[in-house]
Amino acid sequence: MSDKNFHLTCKDHLVSGDEFRLQERSDFKILETIPKPENLSVYYESENYISHTDSSKSFTDKIYQAVKNFMLMQKLKWINKVSKGNNLLDIGAGTGDFLQTAKRKKWNVEGIEPNAQARKLAAEKGIELQQELSYFKDNSFDIISMWHVLEHVPDLDFQLKELHRLLKPDGITVIAVPNYKSFDAEYYKEFWAAYDVPRHLWHFSQTGITELFKNHNFEKLKTKPLVFDSFYVSLLSEKNKTGKSNMVKAFKTGLESNLKAQSTSEYSSLVYFFQKC
């Protein structure tokens, strides 16, 4: 890619300290992390990578877990409103909390999670997770969810083809991703925690993700904001920028981001509902 596609240089604040370039993919308004490490798994090897644990050690961990637990039922309510059936696949299921919640509400649940430790924790909750999408047959699911997972997928085009294959006719995929057009992203720039390079290989705008899914025979039905994300991401971003978790500053920035998004719709993270065409 040429320099005209260059967006930012960001550092891995979690594991390595390595720097990566964010460049715009030429066909869609999507940013790509350059270079892509050959062995991505080493960049997840941290006790602080919370989605692969149930950690509540630090104050930030406690905030994450509290918000996660609150949002489990909200996510299920959103899905209940759009689904015509009760067969659910969650890709990147982590430690299985969302699927456990759905199972209690009589959903037929399946999940994918590549991380062995996360799968083990899910199994202890009665949720057996698979490692590969190839395990499942065509037209199997009414709903496929990816909660902050699509940004981690190495091959976007293959992933969307698999979503289309696995969904029943008129099935719906629910995709939650950070929004690099949000106020908090523009405010923190290279320190914005939701860039999270190189674990996040892709960075989405509303235009970019909508065009991407349209190109793979999906129609956008609606979007929903994840209003807590701006506060949590701002808290992590403050630490990236200053080395300290400045709660007051983070709260103010997160609040300002949500207030601005009421008119712009550019929330820190968004949930997209795409229907298979």
# chains A, B, ... in the order shown; residues from 1 in each chain; ligands from 1
$ residues_around --residues "range 25-37 of chain A" --least-positions-apart "2" --cutoff "12 Å" --atoms "only C-alpha atoms" --output "PyMOL selection string"
chain A and resi 1-12+16+18-23+39-44+151-156+177-181+195-215
$ residues_around --residues "Asn69 in chain A" --least-positions-apart "4" --cutoff "10 Å" --atoms "only C-alpha atoms" --output "PyMOL selection string"
chain A and resi 64-65+73-74+97-98+101
$ closest_residue --among "A:Ile79, A:Lys260, A:Trp192, A:Cys277" --to "Leu236 in chain A" --atoms "only C-alpha atoms"
A:Trp192
$ residues_around --residues "Phe136 in chain A" --least-positions-apart "6" --cutoff "10 Å" --atoms "only C-alpha atoms" --output "list of chain:residue names"
A:Leu89, A:Glu110, A:Gln130, A:Arg165, A:Leu166
$ select_by_dssp --residues "range 61-211 of chain A" --states "helix (DSSP H, G or I)" --output "MDAnalysis selection string"
chainID A and resid 61:82 97:104 116:124 133:135 150:152 156:166 183:191 193:195 206:211
$ atom_distance --atom1 "CA of Ser237 in chain A" --atom2 "CA of Thr264 in chain A"
21.8 Å
$ residues_around --residues "range 144-150 of chain A" --least-positions-apart "4" --cutoff "6 Å" --atoms "only C-alpha atoms" --output "list in words"
Leu88, Leu89, Asp90, Ile91, Gly92, Thr173, Val174, Ile175, Ala176 and Val177 of chain A
$ select_by_dssp --residues "range 164-193 of chain A" --states "strand (DSSP E or B)" --output "list in words"
Leu167, Lys168, Pro169, Asp170, Gly171, Ile172, Thr173, Val174, Ile175, Ala176, Val177, Pro178 and Asn179 of chain A
